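Student: Dropping in query-v4.txt, with compact mmCIF, N, CA and C atoms.
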```txt
# COMPACT_ATOMS: atom_id res chain seq x y z
N ARG A 13 30.63 14.70 15.74
CA ARG A 13 31.32 13.89 14.76
C ARG A 13 30.63 12.54 14.54
N ASN A 14 29.58 12.31 15.28
CA ASN A 14 28.81 11.07 15.13
C ASN A 14 28.04 11.12 13.82
N ARG A 15 28.24 10.11 12.97
CA ARG A 15 27.63 10.15 11.64
C ARG A 15 26.11 10.15 11.68
N ASP A 16 25.50 9.51 12.68
CA ASP A 16 24.04 9.54 12.78
C ASP A 16 23.55 10.95 13.13
N VAL A 17 24.27 11.63 14.00
CA VAL A 17 23.91 13.00 14.36
C VAL A 17 24.11 13.92 13.17
N VAL A 18 25.22 13.75 12.46
CA VAL A 18 25.49 14.58 11.28
C VAL A 18 24.39 14.37 10.23
N ALA A 19 24.02 13.11 10.00
CA ALA A 19 22.96 12.82 9.02
C ALA A 19 21.63 13.44 9.46
N ALA A 20 21.32 13.35 10.74
CA ALA A 20 20.07 13.93 11.24
C ALA A 20 20.09 15.45 11.11
N LEU A 21 21.21 16.08 11.41
CA LEU A 21 21.31 17.54 11.28
C LEU A 21 21.24 17.98 9.82
N LEU A 22 21.83 17.21 8.93
CA LEU A 22 21.74 17.55 7.51
C LEU A 22 20.30 17.44 7.01
N GLU A 23 19.57 16.44 7.47
CA GLU A 23 18.16 16.29 7.09
C GLU A 23 17.33 17.43 7.68
N LEU A 24 17.59 17.77 8.93
CA LEU A 24 16.90 18.89 9.55
C LEU A 24 17.19 20.19 8.80
N SER A 25 18.43 20.38 8.40
CA SER A 25 18.82 21.57 7.64
C SER A 25 18.10 21.62 6.31
N ARG A 26 17.98 20.49 5.64
CA ARG A 26 17.30 20.44 4.35
C ARG A 26 15.83 20.83 4.50
N ARG A 27 15.18 20.28 5.51
CA ARG A 27 13.77 20.61 5.73
C ARG A 27 13.57 22.06 6.17
N ALA A 28 14.48 22.55 7.01
CA ALA A 28 14.39 23.95 7.45
C ALA A 28 14.57 24.89 6.27
N ALA A 29 15.44 24.55 5.34
CA ALA A 29 15.64 25.39 4.16
C ALA A 29 14.38 25.42 3.31
N GLN A 30 13.70 24.29 3.20
CA GLN A 30 12.44 24.27 2.44
C GLN A 30 11.41 25.21 3.06
N VAL A 31 11.27 25.15 4.37
CA VAL A 31 10.33 26.03 5.07
C VAL A 31 10.77 27.49 4.93
N ALA A 32 12.07 27.73 5.02
CA ALA A 32 12.58 29.10 4.90
C ALA A 32 12.30 29.67 3.52
N TYR A 33 12.43 28.85 2.48
CA TYR A 33 12.14 29.35 1.13
C TYR A 33 10.67 29.69 0.96
N VAL A 34 9.79 28.90 1.54
CA VAL A 34 8.36 29.23 1.49
C VAL A 34 8.11 30.55 2.22
N GLY A 35 8.72 30.70 3.39
CA GLY A 35 8.58 31.95 4.14
C GLY A 35 9.15 33.14 3.38
N LEU A 36 10.27 32.93 2.70
CA LEU A 36 10.88 34.01 1.93
C LEU A 36 9.97 34.44 0.77
N VAL A 37 9.34 33.48 0.13
CA VAL A 37 8.40 33.82 -0.94
C VAL A 37 7.22 34.62 -0.38
N LEU A 38 6.69 34.20 0.76
CA LEU A 38 5.57 34.93 1.37
C LEU A 38 5.96 36.34 1.77
N VAL A 39 7.14 36.49 2.38
CA VAL A 39 7.61 37.82 2.76
C VAL A 39 7.87 38.67 1.52
N GLY A 40 8.43 38.05 0.47
CA GLY A 40 8.68 38.77 -0.77
C GLY A 40 7.40 39.27 -1.41
N VAL A 41 6.38 38.42 -1.46
CA VAL A 41 5.10 38.82 -2.04
C VAL A 41 4.48 39.94 -1.20
N GLY A 42 4.53 39.80 0.11
CA GLY A 42 4.00 40.85 0.98
C GLY A 42 4.77 42.15 0.84
N GLY A 43 6.09 42.05 0.73
CA GLY A 43 6.92 43.25 0.55
C GLY A 43 6.64 43.95 -0.77
N LEU A 44 6.51 43.15 -1.82
CA LEU A 44 6.20 43.75 -3.12
C LEU A 44 4.81 44.40 -3.11
N GLY A 45 3.86 43.76 -2.44
CA GLY A 45 2.53 44.35 -2.33
C GLY A 45 2.56 45.65 -1.54
N ALA A 46 3.32 45.67 -0.45
CA ALA A 46 3.43 46.90 0.35
C ALA A 46 4.12 48.00 -0.45
N ALA A 47 5.19 47.65 -1.18
CA ALA A 47 5.89 48.65 -1.98
C ALA A 47 4.98 49.18 -3.08
N TRP A 48 4.19 48.31 -3.68
CA TRP A 48 3.28 48.74 -4.75
C TRP A 48 2.21 49.69 -4.20
N SER A 49 1.63 49.33 -3.05
CA SER A 49 0.57 50.18 -2.50
C SER A 49 1.10 51.52 -2.01
N ALA A 50 2.38 51.58 -1.64
CA ALA A 50 2.97 52.84 -1.19
C ALA A 50 3.56 53.64 -2.35
N GLY A 51 3.58 53.05 -3.54
CA GLY A 51 4.16 53.75 -4.68
C GLY A 51 5.67 53.71 -4.70
N TRP A 52 6.28 52.75 -4.03
CA TRP A 52 7.74 52.66 -3.92
C TRP A 52 8.32 51.53 -4.76
N LEU A 53 7.55 50.92 -5.60
CA LEU A 53 7.99 49.73 -6.32
C LEU A 53 9.24 49.98 -7.17
N ALA A 54 9.37 51.15 -7.76
CA ALA A 54 10.49 51.43 -8.66
C ALA A 54 11.46 52.48 -8.10
N THR A 55 11.43 52.71 -6.80
CA THR A 55 12.38 53.66 -6.22
C THR A 55 13.78 53.03 -6.22
N PRO A 56 14.82 53.86 -6.32
CA PRO A 56 16.18 53.31 -6.39
C PRO A 56 16.55 52.42 -5.19
N TRP A 57 16.19 52.82 -3.99
CA TRP A 57 16.55 52.02 -2.82
C TRP A 57 15.81 50.69 -2.80
N ASN A 58 14.59 50.67 -3.33
CA ASN A 58 13.83 49.43 -3.39
C ASN A 58 14.40 48.50 -4.45
N ILE A 59 14.80 49.03 -5.58
CA ILE A 59 15.43 48.21 -6.61
C ILE A 59 16.76 47.67 -6.09
N ALA A 60 17.50 48.49 -5.37
CA ALA A 60 18.75 48.02 -4.77
C ALA A 60 18.49 46.88 -3.78
N SER A 61 17.39 46.96 -3.05
CA SER A 61 17.07 45.88 -2.12
C SER A 61 16.74 44.59 -2.85
N TYR A 62 16.07 44.68 -4.01
CA TYR A 62 15.81 43.48 -4.81
C TYR A 62 17.13 42.82 -5.22
N VAL A 63 18.06 43.66 -5.66
CA VAL A 63 19.35 43.16 -6.10
C VAL A 63 20.11 42.51 -4.93
N VAL A 64 20.08 43.14 -3.77
CA VAL A 64 20.77 42.59 -2.60
C VAL A 64 20.20 41.22 -2.23
N VAL A 65 18.89 41.09 -2.22
CA VAL A 65 18.27 39.80 -1.88
C VAL A 65 18.67 38.73 -2.88
N VAL A 66 18.58 39.04 -4.16
CA VAL A 66 18.90 38.04 -5.18
C VAL A 66 20.38 37.66 -5.12
N VAL A 67 21.26 38.64 -5.00
CA VAL A 67 22.69 38.34 -4.94
C VAL A 67 23.02 37.50 -3.70
N ALA A 68 22.48 37.87 -2.55
CA ALA A 68 22.75 37.10 -1.33
C ALA A 68 22.24 35.67 -1.47
N LEU A 69 21.05 35.48 -2.01
CA LEU A 69 20.51 34.13 -2.18
C LEU A 69 21.35 33.30 -3.15
N VAL A 70 21.73 33.89 -4.26
CA VAL A 70 22.51 33.16 -5.26
C VAL A 70 23.88 32.79 -4.71
N VAL A 71 24.55 33.74 -4.07
CA VAL A 71 25.88 33.46 -3.53
C VAL A 71 25.80 32.42 -2.41
N MET A 72 24.84 32.55 -1.52
CA MET A 72 24.71 31.57 -0.44
C MET A 72 24.39 30.18 -0.99
N PHE A 73 23.52 30.11 -2.00
CA PHE A 73 23.19 28.82 -2.61
C PHE A 73 24.43 28.22 -3.28
N ALA A 74 25.20 29.06 -3.98
CA ALA A 74 26.39 28.57 -4.67
C ALA A 74 27.47 28.09 -3.69
N VAL A 75 27.55 28.71 -2.53
CA VAL A 75 28.54 28.31 -1.53
C VAL A 75 28.07 27.08 -0.76
N ALA A 76 26.81 27.03 -0.41
CA ALA A 76 26.32 25.97 0.48
C ALA A 76 25.98 24.67 -0.25
N SER A 77 25.32 24.77 -1.38
CA SER A 77 24.78 23.57 -2.02
C SER A 77 25.82 22.51 -2.37
N PRO A 78 26.92 22.85 -3.03
CA PRO A 78 27.87 21.79 -3.37
C PRO A 78 28.42 21.07 -2.12
N TYR A 79 28.69 21.84 -1.08
CA TYR A 79 29.26 21.25 0.13
C TYR A 79 28.25 20.33 0.83
N TYR A 80 27.06 20.84 1.09
CA TYR A 80 26.09 20.08 1.87
C TYR A 80 25.50 18.91 1.06
N HIS A 81 25.26 19.10 -0.23
CA HIS A 81 24.80 17.98 -1.05
C HIS A 81 25.88 16.91 -1.14
N GLY A 82 27.12 17.35 -1.31
CA GLY A 82 28.24 16.41 -1.37
C GLY A 82 28.41 15.66 -0.06
N LEU A 83 28.24 16.36 1.05
CA LEU A 83 28.37 15.71 2.36
C LEU A 83 27.26 14.70 2.58
N ARG A 84 26.04 15.04 2.19
CA ARG A 84 24.94 14.07 2.30
C ARG A 84 25.23 12.81 1.49
N GLY A 85 25.69 13.00 0.27
CA GLY A 85 26.01 11.86 -0.58
C GLY A 85 27.18 11.05 -0.05
N ALA A 86 28.19 11.73 0.48
CA ALA A 86 29.36 11.02 1.00
C ALA A 86 29.03 10.23 2.26
N LEU A 87 28.07 10.69 3.04
CA LEU A 87 27.66 9.94 4.22
C LEU A 87 26.98 8.63 3.84
N LYS A 88 26.16 8.68 2.80
CA LYS A 88 25.44 7.48 2.37
C LYS A 88 26.29 6.59 1.49
N GLY A 89 27.14 7.20 0.68
CA GLY A 89 27.90 6.43 -0.30
C GLY A 89 27.04 6.11 -1.51
N THR A 90 27.67 5.55 -2.53
CA THR A 90 26.96 5.13 -3.73
C THR A 90 27.39 3.71 -4.06
N ASP A 91 26.92 3.22 -5.18
CA ASP A 91 27.32 1.88 -5.60
C ASP A 91 28.83 1.81 -5.87
N ASP A 92 29.37 2.91 -6.40
CA ASP A 92 30.79 2.95 -6.75
C ASP A 92 31.69 3.45 -5.62
N ILE A 93 31.14 4.29 -4.76
CA ILE A 93 31.94 4.93 -3.71
C ILE A 93 31.38 4.54 -2.34
N PRO A 94 32.23 4.00 -1.46
CA PRO A 94 31.74 3.64 -0.13
C PRO A 94 31.50 4.89 0.72
N PRO A 95 30.70 4.77 1.78
CA PRO A 95 30.48 5.93 2.66
C PRO A 95 31.79 6.36 3.32
N LEU A 96 31.83 7.62 3.72
CA LEU A 96 33.02 8.15 4.41
C LEU A 96 33.25 7.41 5.71
N ASP A 97 34.52 7.16 6.01
CA ASP A 97 34.84 6.62 7.34
C ASP A 97 34.89 7.78 8.32
N ASP A 98 35.06 7.49 9.60
CA ASP A 98 35.00 8.52 10.64
C ASP A 98 36.10 9.57 10.49
N VAL A 99 37.28 9.16 10.09
CA VAL A 99 38.39 10.11 9.93
C VAL A 99 38.11 11.06 8.76
N ALA A 100 37.66 10.50 7.65
CA ALA A 100 37.34 11.33 6.48
C ALA A 100 36.16 12.25 6.77
N LEU A 101 35.19 11.75 7.53
CA LEU A 101 34.04 12.59 7.90
C LEU A 101 34.49 13.76 8.76
N ALA A 102 35.35 13.49 9.74
CA ALA A 102 35.86 14.57 10.60
C ALA A 102 36.62 15.60 9.78
N ALA A 103 37.37 15.13 8.80
CA ALA A 103 38.12 16.06 7.95
C ALA A 103 37.17 16.92 7.10
N ARG A 104 36.10 16.31 6.59
CA ARG A 104 35.13 17.06 5.78
C ARG A 104 34.36 18.07 6.62
N LEU A 105 34.16 17.76 7.89
CA LEU A 105 33.40 18.66 8.76
C LEU A 105 34.22 19.85 9.24
N ARG A 106 35.54 19.78 9.12
CA ARG A 106 36.40 20.89 9.52
C ARG A 106 36.42 21.92 8.40
N THR A 107 35.47 22.81 8.43
CA THR A 107 35.35 23.83 7.39
C THR A 107 34.86 25.13 8.00
N ARG A 108 35.17 26.21 7.33
CA ARG A 108 34.70 27.53 7.76
C ARG A 108 33.47 27.96 6.95
N ARG A 109 32.93 27.04 6.20
CA ARG A 109 31.79 27.36 5.33
C ARG A 109 30.59 27.92 6.09
N PRO A 110 30.21 27.37 7.25
CA PRO A 110 29.08 27.98 7.97
C PRO A 110 29.33 29.43 8.36
N GLU A 111 30.56 29.75 8.75
CA GLU A 111 30.88 31.14 9.09
C GLU A 111 30.80 32.03 7.86
N LEU A 112 31.26 31.51 6.72
CA LEU A 112 31.18 32.27 5.47
C LEU A 112 29.73 32.54 5.09
N LEU A 113 28.90 31.52 5.22
CA LEU A 113 27.47 31.69 4.91
C LEU A 113 26.81 32.69 5.85
N ALA A 114 27.16 32.63 7.12
CA ALA A 114 26.62 33.60 8.09
C ALA A 114 27.08 35.02 7.76
N ALA A 115 28.32 35.16 7.33
CA ALA A 115 28.82 36.49 6.97
C ALA A 115 28.10 37.03 5.74
N ILE A 116 27.88 36.18 4.75
CA ILE A 116 27.19 36.62 3.53
C ILE A 116 25.75 37.02 3.86
N GLY A 117 25.03 36.15 4.57
CA GLY A 117 23.65 36.44 4.92
C GLY A 117 23.53 37.62 5.87
N GLY A 118 24.44 37.72 6.83
CA GLY A 118 24.42 38.84 7.77
C GLY A 118 24.69 40.17 7.09
N THR A 119 25.64 40.16 6.17
CA THR A 119 25.95 41.38 5.42
C THR A 119 24.74 41.80 4.57
N GLY A 120 24.13 40.83 3.91
CA GLY A 120 22.93 41.14 3.13
C GLY A 120 21.83 41.71 3.99
N LEU A 121 21.64 41.14 5.17
CA LEU A 121 20.61 41.62 6.08
C LEU A 121 20.89 43.05 6.55
N VAL A 122 22.13 43.34 6.89
CA VAL A 122 22.49 44.69 7.33
C VAL A 122 22.27 45.69 6.20
N VAL A 123 22.67 45.33 4.98
CA VAL A 123 22.46 46.22 3.84
C VAL A 123 20.97 46.45 3.61
N LEU A 124 20.16 45.40 3.72
CA LEU A 124 18.71 45.56 3.56
C LEU A 124 18.12 46.47 4.63
N VAL A 125 18.55 46.32 5.87
CA VAL A 125 18.04 47.17 6.95
C VAL A 125 18.41 48.63 6.69
N VAL A 126 19.64 48.86 6.25
CA VAL A 126 20.07 50.24 5.94
C VAL A 126 19.23 50.80 4.80
N LEU A 127 19.03 50.00 3.75
CA LEU A 127 18.22 50.47 2.62
C LEU A 127 16.78 50.77 3.04
N MET A 128 16.21 49.93 3.86
CA MET A 128 14.80 50.10 4.24
C MET A 128 14.60 51.23 5.25
N THR A 129 15.61 51.53 6.04
CA THR A 129 15.44 52.61 7.02
C THR A 129 15.90 53.96 6.48
N ALA A 130 17.00 53.99 5.73
CA ALA A 130 17.52 55.27 5.23
C ALA A 130 16.82 55.70 3.93
N LYS A 131 16.36 54.74 3.14
CA LYS A 131 15.71 55.00 1.85
C LYS A 131 16.51 56.00 1.01
N PRO A 132 17.79 55.67 0.71
CA PRO A 132 18.62 56.62 -0.05
C PRO A 132 18.16 56.72 -1.49
N GLY A 133 18.49 57.84 -2.11
CA GLY A 133 18.25 58.02 -3.54
C GLY A 133 16.93 58.66 -3.78
```
Transcribe the structure of this file into C-alpha cells.
Tutor:
Amino acid sequence: RNRDVVAALLELSRRAAQVAYVGLVLVGVGGLGAAWSAGWLATPWNIASYVVVVVALVVMFAVASPYYHGLRGALKGTDDIPPLDDVALAARLRTRRPELLAAIGGTGLVVLVVLMTAKPG
C-alpha cells in the first residue's frame, strides 16, 4: 500500500509490457514463418489460433489499460486533481482485475495449446 512501491511496480509493469510486446511480435513472426514453411498457414486450427491471440490481447488491453493508466495518473495527480491520499489509494488497489486478466490470458493460453496439439479441423 506504500505509494512509492506502487509507483515503482506500475513503472516496472509498464516496461515489462513493452518487452513482452516485442517478444510477442518475434514469436508471432516465427510462428507465421513456421506455419508457412509447413503449409499450415490457412488451416482452420491455425486461423482459430490467430483469432484467439487477437481476442485475448484486445480483451486484456481493454480490461487493463483504463485501470492501470488511471492509477498511474491518480498517483501523480494533475494540475486540476490532487494525487490520491493513502485511503483512496488503498480503495483503488482493492480490485479483482489482476485475477480477471490472469483468467483471460490463461484461458487463451490453454485454448492455444489445445489448438496447437490437437490440430482440429
Student: Fewer than 3 positions away in the same chain doesn't count, so skip those; otherwise give me all residues within 6.5 Å of segment 109-121 of chain A, counting all atoms listed in the file, as an mmCIF file with N, CA and C atoms, keeping the file's coordinate frame.
Tutor:
```cif
data_model
loop_
_atom_site.group_PDB
_atom_site.id
_atom_site.type_symbol
_atom_site.label_atom_id
_atom_site.label_comp_id
_atom_site.auth_asym_id
_atom_site.auth_seq_id
_atom_site.Cartn_x
_atom_site.Cartn_y
_atom_site.Cartn_z
ATOM 1 N N VAL A 64 20.080 43.140 -3.770
ATOM 2 C CA VAL A 64 20.770 42.590 -2.600
ATOM 3 C C VAL A 64 20.200 41.220 -2.230
ATOM 4 N N ALA A 68 22.480 37.870 -2.550
ATOM 5 C CA ALA A 68 22.750 37.100 -1.330
ATOM 6 C C ALA A 68 22.240 35.670 -1.470
ATOM 7 N N MET A 72 24.840 32.550 -1.520
ATOM 8 C CA MET A 72 24.710 31.570 -0.440
ATOM 9 C C MET A 72 24.390 30.180 -0.990
ATOM 10 N N LEU A 124 20.160 45.400 3.720
ATOM 11 C CA LEU A 124 18.710 45.560 3.560
ATOM 12 C C LEU A 124 18.120 46.470 4.630
ATOM 13 N N VAL A 125 18.550 46.320 5.870
ATOM 14 C CA VAL A 125 18.040 47.170 6.950
ATOM 15 C C VAL A 125 18.410 48.630 6.690
ATOM 16 N N VAL A 126 19.640 48.860 6.250
ATOM 17 C CA VAL A 126 20.070 50.240 5.940
ATOM 18 C C VAL A 126 19.230 50.800 4.800
#
```
Student: Between A:Ala130, A:Val17, A:Val123, A:Val34, which has the minimum distance to Ala60 of chain A (counting all atoms listed in the file)?
Tutor: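 Nearest to Ala60 of chain A: A:Val123.
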Student: Could you find all residues in chain A that DSSP calls helix (DSSP H, G or I) from the backbone, and write them as a PyMOL selection string?
Tutor: chain A and resi 15-50+56-88+98-105+109-130
Student: Give me the residues within 12 Å of Gly85 of chain A as JSON, numbers by chain, counting only C-alpha atoms and dropping any in the same chain fewer than 4 places off.
Tutor: {"A": [19, 22, 23, 77, 78, 79, 80, 81, 89, 90, 91, 92, 93, 94, 95, 96, 101]}
Student: Tell me which of A:Ala76, A:Gly43, A:Thr129, A:Tyr62 sits closest to Arg108 of chain A, counting only C-alpha atoms.
Tutor: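 Selected residue with least distance to Arg108 of chain A: A:Ala76.
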Student: Would you work out the distance separating atom N of Gly40 of chain A from atom CA of Ser61 of chain A, expressed in Å to one decimal?
Tutor: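 Value for the atom N of Gly40 of chain A-atom CA of Ser61 of chain A distance: 11.9 Å.
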Student: Enter the distance from atom N of Tyr33 of chain A to atom C of Val65 of chain A, in Å, rounded to one decimal.
Tutor: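 Between these atoms lies a distance of 12.9 Å.
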Student: Find the distance between atom CA of Arg84 of chain A and atom CA of Val39 of chain A and write it in Å to one decimal.
Tutor: 29.4 Å
Student: Start from the incomplete input, build all heavy atoms for segment 50-61 of chain A, and deliver everything as a JSON list (two decimals), in the frame of the given file.
Tutor:
```
[["chain", "number", "residue", "atom", "x", "y", "z"],
["A", 50, "ALA", "N", 2.38, 51.58, -1.64],
["A", 50, "ALA", "CA", 2.97, 52.84, -1.19],
["A", 50, "ALA", "C", 3.56, 53.64, -2.35],
["A", 50, "ALA", "O", 4.02, 54.77, -2.14],
["A", 50, "ALA", "CB", 4.05, 52.57, -0.15],
["A", 51, "GLY", "N", 3.58, 53.05, -3.54],
["A", 51, "GLY", "CA", 4.16, 53.75, -4.68],
["A", 51, "GLY", "C", 5.67, 53.71, -4.70],
["A", 51, "GLY", "O", 6.31, 54.55, -5.33],
["A", 52, "TRP", "N", 6.28, 52.75, -4.03],
["A", 52, "TRP", "CA", 7.74, 52.66, -3.92],
["A", 52, "TRP", "C", 8.32, 51.53, -4.76],
["A", 52, "TRP", "O", 9.50, 51.21, -4.62],
["A", 52, "TRP", "CB", 8.15, 52.42, -2.47],
["A", 52, "TRP", "CG", 7.92, 53.56, -1.55],
["A", 52, "TRP", "CD1", 7.70, 54.86, -1.89],
["A", 52, "TRP", "CD2", 7.91, 53.50, -0.13],
["A", 52, "TRP", "NE1", 7.54, 55.62, -0.76],
["A", 52, "TRP", "CE2", 7.67, 54.80, 0.35],
["A", 52, "TRP", "CE3", 8.09, 52.49, 0.79],
["A", 52, "TRP", "CZ2", 7.60, 55.10, 1.69],
["A", 52, "TRP", "CZ3", 8.02, 52.79, 2.13],
["A", 52, "TRP", "CH2", 7.78, 54.08, 2.58],
["A", 53, "LEU", "N", 7.55, 50.92, -5.60],
["A", 53, "LEU", "CA", 7.99, 49.73, -6.32],
["A", 53, "LEU", "C", 9.24, 49.98, -7.17],
["A", 53, "LEU", "O", 10.09, 49.11, -7.28],
["A", 53, "LEU", "CB", 6.85, 49.21, -7.19],
["A", 53, "LEU", "CG", 6.89, 47.76, -7.59],
["A", 53, "LEU", "CD1", 6.99, 46.85, -6.38],
["A", 53, "LEU", "CD2", 5.66, 47.39, -8.38],
["A", 54, "ALA", "N", 9.37, 51.15, -7.76],
["A", 54, "ALA", "CA", 10.49, 51.43, -8.66],
["A", 54, "ALA", "C", 11.46, 52.48, -8.10],
["A", 54, "ALA", "O", 12.23, 53.05, -8.86],
["A", 54, "ALA", "CB", 9.97, 51.86, -10.02],
["A", 55, "THR", "N", 11.43, 52.71, -6.80],
["A", 55, "THR", "CA", 12.38, 53.66, -6.22],
["A", 55, "THR", "C", 13.78, 53.03, -6.22],
["A", 55, "THR", "O", 13.92, 51.81, -6.14],
["A", 55, "THR", "CB", 11.99, 54.04, -4.78],
["A", 55, "THR", "OG1", 11.90, 52.85, -4.00],
["A", 55, "THR", "CG2", 10.67, 54.79, -4.75],
["A", 56, "PRO", "N", 14.82, 53.86, -6.32],
["A", 56, "PRO", "CA", 16.18, 53.31, -6.39],
["A", 56, "PRO", "C", 16.55, 52.42, -5.19],
["A", 56, "PRO", "O", 17.16, 51.37, -5.37],
["A", 56, "PRO", "CB", 17.07, 54.55, -6.44],
["A", 56, "PRO", "CG", 16.20, 55.62, -6.99],
["A", 56, "PRO", "CD", 14.81, 55.31, -6.50],
["A", 57, "TRP", "N", 16.19, 52.82, -3.99],
["A", 57, "TRP", "CA", 16.55, 52.02, -2.82],
["A", 57, "TRP", "C", 15.81, 50.69, -2.80],
["A", 57, "TRP", "O", 16.33, 49.69, -2.33],
["A", 57, "TRP", "CB", 16.31, 52.80, -1.51],
["A", 57, "TRP", "CG", 14.88, 53.19, -1.27],
["A", 57, "TRP", "CD1", 14.26, 54.34, -1.67],
["A", 57, "TRP", "CD2", 13.88, 52.41, -0.61],
["A", 57, "TRP", "NE1", 12.94, 54.33, -1.29],
["A", 57, "TRP", "CE2", 12.68, 53.15, -0.63],
["A", 57, "TRP", "CE3", 13.88, 51.17, 0.01],
["A", 57, "TRP", "CZ2", 11.50, 52.70, -0.07],
["A", 57, "TRP", "CZ3", 12.70, 50.71, 0.58],
["A", 57, "TRP", "CH2", 11.53, 51.46, 0.53],
["A", 58, "ASN", "N", 14.59, 50.67, -3.33],
["A", 58, "ASN", "CA", 13.83, 49.43, -3.39],
["A", 58, "ASN", "C", 14.40, 48.50, -4.45],
["A", 58, "ASN", "O", 14.51, 47.29, -4.23],
["A", 58, "ASN", "CB", 12.37, 49.74, -3.66],
["A", 58, "ASN", "CG", 11.45, 48.79, -2.92],
["A", 58, "ASN", "OD1", 11.88, 47.89, -2.24],
["A", 58, "ASN", "ND2", 10.17, 49.00, -3.09],
["A", 59, "ILE", "N", 14.80, 49.03, -5.58],
["A", 59, "ILE", "CA", 15.43, 48.21, -6.61],
["A", 59, "ILE", "C", 16.76, 47.67, -6.09],
["A", 59, "ILE", "O", 17.10, 46.50, -6.32],
["A", 59, "ILE", "CB", 15.61, 49.03, -7.91],
["A", 59, "ILE", "CG1", 14.24, 49.34, -8.51],
["A", 59, "ILE", "CG2", 16.48, 48.28, -8.91],
["A", 59, "ILE", "CD1", 14.25, 50.31, -9.65],
["A", 60, "ALA", "N", 17.50, 48.49, -5.37],
["A", 60, "ALA", "CA", 18.75, 48.02, -4.77],
["A", 60, "ALA", "C", 18.49, 46.88, -3.78],
["A", 60, "ALA", "O", 19.26, 45.92, -3.70],
["A", 60, "ALA", "CB", 19.47, 49.17, -4.07],
["A", 61, "SER", "N", 17.39, 46.96, -3.05],
["A", 61, "SER", "CA", 17.07, 45.88, -2.12],
["A", 61, "SER", "C", 16.74, 44.59, -2.85],
["A", 61, "SER", "O", 17.09, 43.50, -2.39],
["A", 61, "SER", "CB", 15.93, 46.29, -1.18],
["A", 61, "SER", "OG", 14.71, 46.39, -1.87]]
```
